[in-house]
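Enquirer: Here you go, this is protein_15.cif (mmCIF, C-alpha atoms and all ligand atoms).
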```cif
data_model
#
loop_
_atom_site.label_atom_id
_atom_site.label_comp_id
_atom_site.auth_asym_id
_atom_site.auth_seq_id
_atom_site.Cartn_x
_atom_site.Cartn_y
_atom_site.Cartn_z
CA MET A 184 351.41 121.18 212.62
CA THR A 185 351.15 121.58 216.42
CA ASP A 186 348.48 124.20 217.15
CA ARG A 187 347.88 126.07 220.40
CA ASN A 188 345.65 123.34 221.83
CA ASP A 189 348.24 120.68 221.04
CA ALA A 190 350.84 122.80 222.80
CA LEU A 191 348.63 123.14 225.89
CA ASN A 192 348.12 119.37 225.84
CA LEU A 193 351.85 118.77 225.66
CA ASP A 194 352.27 121.03 228.71
CA ARG A 195 349.63 119.05 230.62
CA GLN A 196 351.50 115.80 229.90
CA ASP A 197 354.96 117.24 230.58
CA PRO A 198 356.57 115.69 233.70
CA LEU A 199 358.83 118.76 234.07
CA ALA A 200 355.96 121.27 233.93
CA PRO A 201 355.55 121.69 237.73
CA LEU A 202 359.15 122.96 238.03
CA ARG A 203 358.29 126.27 236.38
CA ALA A 204 356.52 127.38 239.56
CA GLU A 205 359.87 127.32 241.37
CA PHE A 206 361.15 130.14 239.14
CA THR A 207 360.19 133.77 239.65
CA LEU A 208 359.17 134.36 236.03
CA ARG A 209 356.36 136.89 235.81
CA ASP A 210 353.10 136.00 234.07
CA GLY A 211 353.09 136.74 230.38
CA LEU A 212 356.86 136.64 230.02
CA ILE A 213 358.21 134.19 227.44
CA TYR A 214 361.81 133.77 228.48
CA LEU A 215 363.94 132.25 225.74
CA ASP A 216 367.26 133.62 226.96
CA GLY A 217 368.17 131.21 229.74
CA ASN A 218 371.23 130.32 227.68
CA SER A 219 372.51 133.82 228.44
CA LEU A 220 371.18 134.42 231.97
CA GLY A 221 369.04 131.76 233.62
CA PRO A 222 366.11 133.03 235.74
CA MET A 223 365.96 132.93 239.53
CA GLN A 224 364.40 130.25 241.68
CA THR A 225 362.70 131.30 244.91
CA CYS A 226 365.04 129.03 246.91
CA VAL A 227 368.01 131.05 245.68
CA ALA A 228 366.75 134.29 247.21
CA ASP A 229 366.06 132.44 250.48
CA ARG A 230 369.54 130.95 250.52
CA VAL A 231 371.30 134.24 249.77
CA ARG A 232 369.21 135.98 252.43
CA ARG A 233 370.25 133.35 254.98
CA CYS A 234 373.86 133.83 254.01
CA LEU A 235 373.57 137.60 254.41
CA GLU A 236 371.46 137.80 257.54
CA THR A 237 372.78 134.87 259.57
CA GLU A 238 376.04 133.57 258.21
CA TRP A 239 377.60 136.96 257.50
CA ALA A 240 375.70 139.46 259.68
CA GLN A 241 375.69 137.35 262.83
CA ASP A 242 378.26 134.60 262.60
CA LEU A 243 380.84 136.58 260.66
CA ILE A 244 384.19 134.92 260.13
CA ALA A 245 383.16 131.74 261.96
CA SER A 246 380.98 130.92 258.93
CA TRP A 247 384.03 129.86 256.93
CA ASN A 248 383.86 126.76 259.13
CA THR A 249 380.36 126.65 260.63
CA ALA A 250 378.52 127.35 257.35
CA ASP A 251 381.14 125.45 255.35
CA TRP A 252 381.96 128.45 253.16
CA TYR A 253 385.50 127.13 252.85
CA ARG A 254 384.41 123.97 251.07
CA LEU A 255 381.88 125.65 248.74
CA PRO A 256 384.08 125.45 245.59
CA GLN A 257 384.14 121.70 246.11
CA THR A 258 380.58 121.06 247.34
CA VAL A 259 379.08 123.15 244.54
CA GLY A 260 381.39 121.42 242.05
CA ALA A 261 380.09 118.06 243.26
CA LYS A 262 376.55 119.15 242.34
CA ILE A 263 377.64 120.03 238.79
CA ALA A 264 379.68 116.85 238.36
CA PRO A 265 376.79 114.47 237.49
CA LEU A 266 375.59 116.88 234.79
CA ILE A 267 378.89 116.66 232.93
CA GLY A 268 379.94 113.06 233.50
CA ALA A 269 382.56 113.89 236.10
CA GLY A 270 383.46 112.42 239.46
CA ALA A 271 382.32 114.44 242.49
CA ASP A 272 385.93 115.33 243.36
CA ASP A 273 386.93 116.35 239.85
CA VAL A 274 385.06 119.65 239.54
CA ALA A 275 385.62 122.94 241.37
CA VAL A 276 383.60 126.14 241.18
CA THR A 277 385.62 129.33 241.23
CA ASP A 278 386.43 132.46 239.25
CA SER A 279 384.91 133.16 235.82
CA THR A 280 384.80 130.96 232.74
CA SER A 281 387.41 133.18 231.09
CA VAL A 282 389.82 132.93 234.03
CA ASN A 283 389.33 129.18 234.37
CA LEU A 284 390.00 128.81 230.66
CA PHE A 285 393.29 130.64 231.08
CA LYS A 286 394.26 128.25 233.87
CA VAL A 287 393.40 125.01 232.07
CA LEU A 288 394.78 126.14 228.72
CA ALA A 289 398.04 127.14 230.37
CA ALA A 290 398.11 123.75 232.10
CA ALA A 291 397.43 122.00 228.80
CA VAL A 292 400.14 123.92 226.94
CA SER A 293 402.67 123.24 229.69
CA MET A 294 402.03 119.51 229.31
CA ARG A 295 403.39 119.69 225.75
CA PRO A 296 406.51 121.88 226.05
CA ASP A 297 407.77 120.98 222.58
CA ARG A 298 404.64 122.05 220.77
CA ARG A 299 403.52 125.59 219.93
CA VAL A 300 400.01 125.45 218.42
CA ILE A 301 396.59 125.84 220.03
CA VAL A 302 393.74 124.76 217.73
CA SER A 303 390.30 126.35 218.04
CA GLU A 304 387.60 127.60 215.71
CA ARG A 305 386.89 131.07 214.42
CA SER A 306 383.22 130.79 215.43
CA ASN A 307 384.14 130.09 219.07
CA PHE A 308 382.91 132.54 221.70
CA PRO A 309 385.22 135.57 221.51
CA THR A 310 386.54 135.39 225.09
CA ASP A 311 387.83 131.87 224.44
CA LEU A 312 389.84 133.11 221.47
CA TYR A 313 391.01 136.24 223.29
CA ILE A 314 392.21 134.20 226.28
CA ALA A 315 394.06 131.81 223.98
CA GLU A 316 395.63 134.78 222.16
CA GLY A 317 396.70 136.31 225.47
CA LEU A 318 398.14 133.04 226.69
CA ALA A 319 400.03 132.44 223.44
CA ALA A 320 401.60 135.91 223.65
CA PHE A 321 402.38 135.54 227.37
CA ALA A 322 403.97 132.13 226.92
CA GLY A 323 406.54 134.02 224.85
CA LYS A 324 407.81 131.00 222.97
CA GLY A 325 406.20 131.60 219.63
CA HIS A 326 402.92 129.94 220.50
CA GLU A 327 400.19 130.51 217.94
CA LEU A 328 396.47 130.07 217.57
CA ARG A 329 395.31 127.99 214.59
CA LEU A 330 391.64 128.65 213.79
CA ILE A 331 389.47 126.37 211.71
CA ASP A 332 386.25 127.43 209.98
CA SER A 333 384.34 124.16 210.20
CA ALA A 334 384.53 120.85 212.01
CA ASP A 335 385.57 119.23 208.71
CA GLU A 336 388.93 120.99 208.99
CA LEU A 337 389.75 119.44 212.37
CA ASP A 338 391.54 116.38 211.02
CA ALA A 339 393.95 118.46 208.97
CA ALA A 340 394.45 121.04 211.73
CA ILE A 341 395.41 118.61 214.49
CA ASP A 342 398.98 117.70 213.59
CA ALA A 343 402.17 116.98 215.50
CA ASP A 344 402.73 120.71 216.31
CA VAL A 345 399.51 120.96 218.29
CA ALA A 346 399.79 121.24 222.06
CA ALA A 347 396.09 121.75 222.81
CA VAL A 348 392.74 121.59 221.07
CA MET A 349 390.28 124.00 222.69
CA LEU A 350 386.67 123.88 221.51
CA THR A 351 383.25 124.89 222.76
CA HIS A 352 381.07 121.77 222.77
CA VAL A 353 377.85 123.60 221.78
CA ASN A 354 378.47 126.64 219.58
CA TYR A 355 377.17 129.76 221.36
CA ARG A 356 375.62 131.18 218.21
CA THR A 357 374.33 128.28 216.10
CA GLY A 358 373.94 125.63 218.79
CA GLU A 359 375.92 123.14 216.68
CA VAL A 360 377.35 120.29 218.78
CA HIS A 361 380.79 118.73 218.40
CA ASP A 362 381.13 114.98 218.85
CA MET A 363 383.05 115.15 222.13
CA ALA A 364 384.32 111.57 222.17
CA ASP A 365 385.38 111.62 218.53
CA VAL A 366 387.21 114.95 218.65
CA THR A 367 388.91 114.05 221.93
CA ARG A 368 390.09 110.78 220.40
CA LYS A 369 391.54 112.66 217.41
CA ALA A 370 393.32 115.16 219.64
CA HIS A 371 394.82 112.39 221.76
CA ALA A 372 395.83 110.36 218.71
CA ALA A 373 397.88 113.36 217.56
CA GLY A 374 399.40 113.77 221.01
CA ALA A 375 397.44 116.93 221.85
CA VAL A 376 395.62 117.83 225.08
CA MET A 377 391.84 118.36 224.86
CA VAL A 378 390.05 121.29 226.51
CA TRP A 379 386.26 121.59 226.31
CA ASP A 380 384.17 124.69 227.03
CA LEU A 381 380.76 123.52 228.29
CA ALA A 382 379.14 126.98 228.63
CA HIS A 383 376.14 125.95 226.51
CA SER A 384 376.21 122.25 227.43
CA ALA A 385 375.97 121.96 231.22
CA GLY A 386 372.27 121.68 232.04
CA ALA A 387 371.32 121.70 228.36
CA LEU A 388 372.20 118.18 227.28
CA SER A 389 373.99 115.10 228.59
CA VAL A 390 377.74 115.40 228.70
CA ASP A 391 380.12 112.58 229.59
CA LEU A 392 383.62 113.98 230.08
CA ALA A 393 384.92 110.78 231.66
CA ALA A 394 383.65 108.54 228.85
CA ALA A 395 385.16 110.90 226.28
CA ASP A 396 388.43 110.88 228.27
CA ALA A 397 388.60 114.69 228.11
CA ASP A 398 391.56 116.29 229.82
CA PHE A 399 390.08 119.62 230.93
CA ALA A 400 386.73 121.37 230.83
CA ILE A 401 385.29 124.66 232.00
CA GLY A 402 381.82 126.20 231.88
CA CYS A 403 379.40 128.85 233.15
CA GLY A 404 377.24 128.94 236.26
CA TYR A 405 374.80 131.59 235.08
CA LYS A 406 373.40 130.08 231.86
CA TYR A 407 371.45 126.79 232.01
CA LEU A 408 372.58 126.30 235.63
CA ASN A 409 370.66 129.44 236.72
CA GLY A 410 373.29 130.56 239.25
CA GLY A 411 372.63 134.30 238.78
CA PRO A 412 374.44 137.18 237.06
CA GLY A 413 378.20 136.65 237.13
CA ALA A 414 377.87 133.31 238.96
CA PRO A 415 381.23 131.62 239.41
CA ALA A 416 382.26 129.10 236.78
CA PHE A 417 383.33 125.49 236.99
CA VAL A 418 386.57 123.76 236.13
CA TYR A 419 387.09 120.04 235.51
CA VAL A 420 390.44 118.30 235.46
CA ALA A 421 390.70 114.60 234.63
CA PRO A 422 391.65 112.73 237.81
CA ARG A 423 394.69 111.19 236.07
CA LEU A 424 396.15 114.72 235.69
CA GLN A 425 395.26 116.43 238.96
CA ALA A 426 398.39 115.59 240.95
CA ASP A 427 400.85 116.65 238.24
CA VAL A 428 399.64 119.48 236.01
CA THR A 429 400.56 123.04 236.87
CA GLN A 430 398.54 126.20 236.36
CA PRO A 431 400.07 129.66 236.63
CA LEU A 432 397.51 131.41 238.89
CA SER A 433 398.98 129.71 241.92
CA GLY A 434 397.15 131.55 244.67
CA TRP A 435 396.84 130.41 248.25
CA PHE A 436 393.53 128.56 247.74
CA GLY A 437 395.41 126.24 245.40
CA HIS A 438 398.05 125.52 248.03
CA ARG A 439 398.28 122.11 249.66
CA ALA A 440 397.64 123.73 253.05
CA PRO A 441 396.65 127.41 252.72
CA PHE A 442 396.51 128.09 256.45
CA GLU A 443 400.03 126.92 257.11
CA MET A 444 400.90 130.31 255.53
CA LYS A 445 404.15 129.04 254.03
CA PRO A 446 406.26 131.48 252.00
CA THR A 447 406.58 129.09 249.06
CA PHE A 448 403.87 127.56 246.92
CA GLU A 449 403.20 123.86 247.11
CA ALA A 450 400.24 122.86 244.97
CA ALA A 451 397.38 120.76 246.29
CA THR A 452 397.36 117.32 244.70
CA THR A 453 393.63 117.50 243.96
CA ILE A 454 391.30 119.68 241.88
CA HIS A 455 392.02 122.36 244.52
CA ARG A 456 395.17 123.33 242.70
CA PHE A 457 392.90 125.02 240.15
CA LEU A 458 391.57 127.41 242.80
CA THR A 459 393.30 130.75 243.12
CA GLY A 460 392.00 133.13 245.80
CA THR A 461 389.09 133.62 248.19
CA PRO A 462 385.91 132.52 246.43
CA PRO A 463 382.85 134.82 246.00
CA VAL A 464 380.73 133.32 248.77
CA LEU A 465 377.49 135.22 248.05
CA SER A 466 377.55 134.11 244.43
CA LEU A 467 378.55 130.59 245.37
CA VAL A 468 375.64 130.10 247.75
CA ALA A 469 373.27 131.39 245.05
CA LEU A 470 374.60 128.83 242.58
CA ASP A 471 374.61 126.16 245.29
CA ALA A 472 370.87 126.62 245.88
CA ALA A 473 370.12 126.94 242.16
CA LEU A 474 371.68 123.52 241.49
CA ASP A 475 369.47 121.53 243.86
CA ILE A 476 366.71 121.27 241.25
CA TRP A 477 368.94 119.03 239.08
CA SER A 478 368.89 116.22 241.64
CA ARG A 479 365.14 115.92 241.02
CA VAL A 480 365.21 115.66 237.22
CA SER A 481 366.79 113.25 234.79
CA MET A 482 368.94 114.69 232.04
CA ASP A 483 367.17 112.32 229.63
CA ALA A 484 363.84 113.95 230.40
CA VAL A 485 365.39 117.41 230.07
CA ARG A 486 366.94 116.54 226.71
CA GLU A 487 363.77 114.91 225.40
CA LYS A 488 361.74 118.04 226.16
CA SER A 489 364.47 120.30 224.80
CA VAL A 490 364.42 118.49 221.47
CA LYS A 491 360.62 118.71 221.29
CA LEU A 492 360.60 122.43 222.12
CA CYS A 493 363.27 123.19 219.52
CA GLU A 494 361.62 121.07 216.83
CA MET A 495 358.24 122.67 217.45
CA PHE A 496 359.83 126.12 217.23
CA ILE A 497 361.57 125.39 213.93
CA GLU A 498 358.45 123.79 212.46
CA ARG A 499 356.21 126.70 213.45
CA VAL A 500 358.63 129.47 212.45
CA GLU A 501 359.08 127.94 209.01
CA ALA A 502 355.33 127.43 208.59
CA ARG A 503 354.18 130.79 209.96
CA CYS A 504 357.09 133.17 209.20
CA GLY A 505 358.59 131.43 206.17
CA THR A 506 358.02 134.27 203.75
CA TYR A 507 359.74 137.02 205.71
CA GLY A 508 363.40 136.27 204.99
CA LEU A 509 364.33 134.18 208.02
CA SER A 510 366.72 131.28 207.50
CA LEU A 511 367.56 128.55 209.96
CA ALA A 512 371.14 129.03 211.17
CA SER A 513 371.17 126.01 213.52
CA PRO A 514 371.54 122.37 212.48
CA ARG A 515 368.18 120.90 211.48
CA ASP A 516 369.16 117.51 212.87
CA ALA A 517 368.37 117.55 216.61
CA SER A 518 371.25 115.22 217.41
CA ARG A 519 373.68 117.90 216.18
CA ARG A 520 372.03 120.78 218.06
CA GLY A 521 372.14 122.00 221.68
CA SER A 522 369.13 123.53 223.43
CA GLN A 523 368.93 126.66 221.29
CA VAL A 524 367.71 127.64 217.84
CA CYS A 525 368.97 130.51 215.70
CA PHE A 526 367.51 132.16 212.68
CA ALA A 527 369.43 134.60 210.52
CA HIS A 528 367.74 137.76 209.19
CA PRO A 529 369.36 140.97 207.88
CA ASP A 530 367.26 143.00 210.33
CA ALA A 531 367.72 140.62 213.26
CA PHE A 532 368.57 143.40 215.72
CA PRO A 533 365.37 145.52 215.50
CA ILE A 534 363.23 142.38 215.11
CA MET A 535 364.59 141.05 218.40
CA GLN A 536 364.02 144.42 220.09
CA ALA A 537 360.39 144.38 218.92
CA LEU A 538 359.99 140.84 220.27
CA ILE A 539 361.47 141.81 223.63
CA ALA A 540 359.09 144.78 223.81
CA ARG A 541 356.25 142.25 223.57
CA GLY A 542 357.65 140.09 226.36
CA VAL A 543 359.33 137.46 224.19
CA VAL A 544 362.93 137.56 225.34
CA GLY A 545 365.60 136.03 223.14
CA ASP A 546 368.78 137.76 222.09
CA PHE A 547 370.61 139.17 219.11
CA ARG A 548 374.07 137.95 218.21
CA ALA A 549 376.06 139.98 215.70
CA PRO A 550 375.91 140.24 212.82
CA ASP A 551 372.46 138.88 211.91
CA ILE A 552 371.31 136.21 214.35
CA LEU A 553 368.08 135.92 216.34
CA ARG A 554 368.92 133.45 219.09
CA PHE A 555 366.35 131.58 221.17
CA GLY A 556 367.23 129.30 224.09
CA PHE A 557 364.81 126.60 225.25
CA ALA A 558 365.47 125.67 228.86
CA PRO A 559 363.16 122.74 229.64
CA LEU A 560 362.91 123.46 233.38
CA TYR A 561 360.64 126.44 232.79
CA VAL A 562 359.88 126.98 229.08
CA ARG A 563 356.42 125.68 228.09
CA PHE A 564 355.21 124.35 224.76
CA VAL A 565 352.60 127.09 224.72
CA ASP A 566 355.43 129.63 225.05
CA VAL A 567 356.91 128.26 221.85
CA HIS A 568 353.57 128.59 220.09
CA ASP A 569 352.95 132.12 221.33
CA ALA A 570 356.51 133.30 220.64
CA VAL A 571 356.15 132.32 217.00
CA GLU A 572 352.81 134.14 216.70
CA HIS A 573 354.41 137.31 218.11
CA LEU A 574 357.28 136.93 215.67
CA ARG A 575 354.85 136.54 212.78
CA GLU A 576 352.93 139.69 213.72
CA ILE A 577 356.13 141.68 214.06
CA LEU A 578 357.33 140.56 210.65
CA GLU A 579 353.96 141.02 208.97
CA THR A 580 353.24 144.49 210.37
CA GLU A 581 356.91 145.53 210.14
CA VAL A 582 356.63 147.30 213.52
CA TRP A 583 360.30 146.53 213.94
CA ARG A 584 361.03 149.42 211.53
CA GLN A 585 360.21 151.94 214.28
CA ASP A 586 363.23 154.01 215.35
CA LYS A 587 363.01 152.92 218.97
CA PHE A 588 363.88 149.37 217.99
CA MET A 589 367.12 150.44 216.33
CA VAL A 590 368.79 151.78 219.50
CA LYS A 591 371.67 149.57 220.66
CA SER A 592 372.51 149.27 224.36
CA ALA A 593 375.91 148.20 225.65
CA VAL A 594 374.77 144.61 226.12
CA THR A 595 372.77 142.98 223.32
C1 LIG B 601 379.07 132.64 227.91
C2 LIG B 601 380.38 132.11 227.49
C3 LIG B 601 381.56 132.47 228.14
C4 LIG B 601 381.52 133.53 229.20
O1 LIG B 601 382.72 133.73 229.87
P1 LIG B 601 382.73 134.68 231.14
O2 LIG B 601 384.10 134.60 231.63
O3 LIG B 601 381.69 134.18 232.08
O4 LIG B 601 382.35 136.06 230.68
C5 LIG B 601 382.75 131.87 227.75
N1 LIG B 601 382.76 130.95 226.75
C6 LIG B 601 381.64 130.59 226.11
C7 LIG B 601 381.70 129.57 225.03
C8 LIG B 601 380.43 131.17 226.44
O5 LIG B 601 379.32 130.82 225.78
#
```
Here is a file; write its structure as structure tokens.
Ligand SMILES: *Cc1c(COP(=O)(O)O)cnc(C)c1O
Expert:
Amino acid sequence: MTDRNDALNLDRQDPLAPLRAEFTLRDGLIYLDGNSLGPMQTCVADRVRRCLETEWAQDLIASWNTADWYRLPQTVGAKIAPLIGAGADDVAVTDSTSVNLFKVLAAAVSMRPDRRVIVSERSNFPTDLYIAEGLAAFAGKGHELRLIDSADELDAAIDADVAAVMLTHVNYRTGEVHDMADVTRKAHAAGAVMVWDLAHSAGALSVDLAAADADFAIGCGYKYLNGGPGAPAFVYVAPRLQADVTQPLSGWFGHRAPFEMKPTFEAATTIHRFLTGTPPVLSLVALDAALDIWSRVSMDAVREKSVKLCEMFIERVEARCGTYGLSLASPRDASRRGSQVCFAHPDAFPIMQALIARGVVGDFRAPDILRFGFAPLYVRFVDVHDAVEHLREILETEVWRQDKFMVKSAVT
């Protein structure tokens, strides 16, 4: 088993190791929650400060042109594109993941007017299901959500009534990965439109939307992309669809020529038609700066380290904490897992609180999951080693039984 010296050696040999210094993580913090909120890079604070102090404070409205604020949804999208196998002009950054999902799902459903079913899975992230429910009700034509309980049920669920299949590529809780190309092929074979949520994929593992021939995709800016709290989200539309599909949030930023100020809507023929209103410039410049790091790393190197970190974590937890009632809730096979590892435990909530109190930050996901994200840009092998030792001490001493670790805040 990898001991602490082995872990330190792995860090010394790690080509990504120098990148950690670009993040503002304080000494002693073991941050295994970058899949929920990525940490900040120093360049992001500098970029936001420039936007505030020069572009806004001094140049004011001129900055829409002189600082290229107007094109940010597109230029930031072009930086995300290579991470998800998309063309530079096929991704826009705007609104939240939930709102973008509404837009693409509505577009998908409107492409199949004779069909009434949206297929997804019960274990999907709740907002995805809620948005689909809302859309189905709003469509007002008897649309329904058909939820499966495991990937094995997909074949049977995707029949001739299905308008759209909407799945999250990497499950937010277990980290289980769908085979994007295979599922997309099945959806298309049944005549359905395929929508992928890449919230836990972008920046975590290689994604190739174009090769899979996906129709639509959306994903978060604040998780592995480190764009900051509430960072705007991205939306991908296959180039073959951009000129024709319609989405209902037809605001002026989606107009062919917003500043002609015409009284009737005429959609842009590009990815722009998935924009709605004025974009959040401060958040966009933060994400813009946060994304620059990706041009200096290869996704292969990121994935290779991610797999090693996750495997070391599983190996050490099972060896060191195996007798305390934890059970692996993520796939054991690395090829079927994203960049996160989950263990189930009946007392997961207070155990996670006790870990956080010791500076090992993961998160709790109801009802019984301890979730740990391993973002290779800044997580070290020694962090994995030390996190497991903290976990072992917490379980062995049962400090997690203290009342203070039972208190639930609004956000867990
Ligand atoms: C994190 C996450 C979201 C978040 O949506 P917001 O609109 O940003 O709140 C949506 N879907 C999935 C699968 C997620 O993991």
Enquirer: Which one of A:Ala373, A:Val282, A:Ala570, A:Ala512 sits closest to ligand LIG 601 (chain B) if you count only C-alpha atoms and all ligand atoms?
Expert: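 Distance minimum relative to ligand LIG 601 (chain B) lands on A:Val282.
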Enquirer: In Å, rounded to a single decimal, give me how far CA of Leu492 in chain A is from CA of Thr280 in chain A.
Expert: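 Spanning CA of Thr280 in chain A to CA of Leu492 in chain A is a straight-line distance of 27.8 Å.
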Enquirer: CA of Gly217 in chain A and CA of Gly545 in chain A are how many Å apart?
Expert: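 Atom-to-atom, CA of Gly217 in chain A to CA of Gly545 in chain A, that is 8.6 Å.
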Enquirer: Just to confirm, what's the straight-line distance from CA of Asp272 in chain A to CA of Arg486 in chain A in Å (one decimal)?
Expert: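 So the answer is 25.3 Å.
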Enquirer: Find the residues around range 385-396 of chain A up to 7 Å (only C-alpha atoms counted), leave out those fewer than 4 positions away in its own chain, and share them as a list in words.
Expert: Leu266, Ile267, Gly268, Ala269, Met363, Ala364, Thr367, Leu381, Tyr407, Leu408, Met482, Arg486, Gly521 and Ser522 of chain A
Enquirer: Write out as a PDB file with C-alpha atoms, in the coordinates of the input the residues lying within 8 Å of Phe206 in chain A, counting all atoms listed in the file and excluding same-chain residues fewer than 4 positions away.
Expert:
```pdb
ATOM      1  CA  LEU A 202     359.150 122.960 238.030  1.00  0.00           C
ATOM      2  CA  PRO A 222     366.110 133.030 235.740  1.00  0.00           C
ATOM      3  CA  MET A 223     365.960 132.930 239.530  1.00  0.00           C
ATOM      4  CA  GLN A 224     364.400 130.250 241.680  1.00  0.00           C
ATOM      5  CA  THR A 225     362.700 131.300 244.910  1.00  0.00           C
ATOM      6  CA  TYR A 561     360.640 126.440 232.790  1.00  0.00           C
TER       7      TYR A 561
END
```
Enquirer: Produce as a ChimeraX atom specification the set of residues near ligand LIG 601 (chain B), where near means within 9 Å with all atoms listed in the file considered.
Expert: /A:218-219,278-284,307-311,350-356,380-383,401-406,413-416
Enquirer: Please produce range 462-475 of chain A, completed to N, CA, C and O atoms, as a CSV table (one decimal), in the frame of the given file.
Expert:
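Saved file rebuild.csv follows:
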```csv
chain,number,residue,atom,x,y,z
A,462,PRO,N,387.0,132.6,247.4
A,462,PRO,CA,385.9,132.5,246.4
A,462,PRO,C,384.8,133.5,246.8
A,462,PRO,O,384.7,133.9,247.9
A,463,PRO,N,384.0,133.9,245.8
A,463,PRO,CA,382.8,134.8,246.0
A,463,PRO,C,381.7,134.1,246.7
A,463,PRO,O,380.9,133.5,246.0
A,464,VAL,N,381.7,134.2,248.0
A,464,VAL,CA,380.7,133.3,248.8
A,464,VAL,C,379.3,133.6,248.5
A,464,VAL,O,378.5,132.7,248.3
A,465,LEU,N,378.9,134.9,248.3
A,465,LEU,CA,377.5,135.2,248.0
A,465,LEU,C,377.0,134.6,246.7
A,465,LEU,O,375.9,134.0,246.6
A,466,SER,N,377.9,134.7,245.7
A,466,SER,CA,377.6,134.1,244.4
A,466,SER,C,377.6,132.6,244.5
A,466,SER,O,376.8,131.9,243.8
A,467,LEU,N,378.5,132.0,245.3
A,467,LEU,CA,378.6,130.6,245.4
A,467,LEU,C,377.3,130.0,246.0
A,467,LEU,O,376.8,129.0,245.6
A,468,VAL,N,376.8,130.7,247.1
A,468,VAL,CA,375.6,130.1,247.8
A,468,VAL,C,374.4,130.2,246.8
A,468,VAL,O,373.5,129.4,246.8
A,469,ALA,N,374.4,131.3,246.0
A,469,ALA,CA,373.3,131.4,245.0
A,469,ALA,C,373.3,130.2,244.1
A,469,ALA,O,372.3,129.5,243.8
A,470,LEU,N,374.5,129.9,243.5
A,470,LEU,CA,374.6,128.8,242.6
A,470,LEU,C,374.3,127.5,243.3
A,470,LEU,O,373.7,126.6,242.7
A,471,ASP,N,374.8,127.4,244.5
A,471,ASP,CA,374.6,126.2,245.3
A,471,ASP,C,373.1,125.8,245.4
A,471,ASP,O,372.7,124.7,245.1
A,472,ALA,N,372.3,126.8,245.7
A,472,ALA,CA,370.9,126.6,245.9
A,472,ALA,C,370.2,126.4,244.5
A,472,ALA,O,369.3,125.5,244.4
A,473,ALA,N,370.7,127.1,243.5
A,473,ALA,CA,370.1,126.9,242.2
A,473,ALA,C,370.3,125.5,241.6
A,473,ALA,O,369.5,125.1,240.8
A,474,LEU,N,371.4,124.8,242.1
A,474,LEU,CA,371.7,123.5,241.5
A,474,LEU,C,370.8,122.4,242.1
A,474,LEU,O,370.8,121.3,241.5
A,475,ASP,N,370.2,122.6,243.2
A,475,ASP,CA,369.5,121.5,243.9
A,475,ASP,C,368.4,120.9,243.0
A,475,ASP,O,368.1,119.7,243.0
```
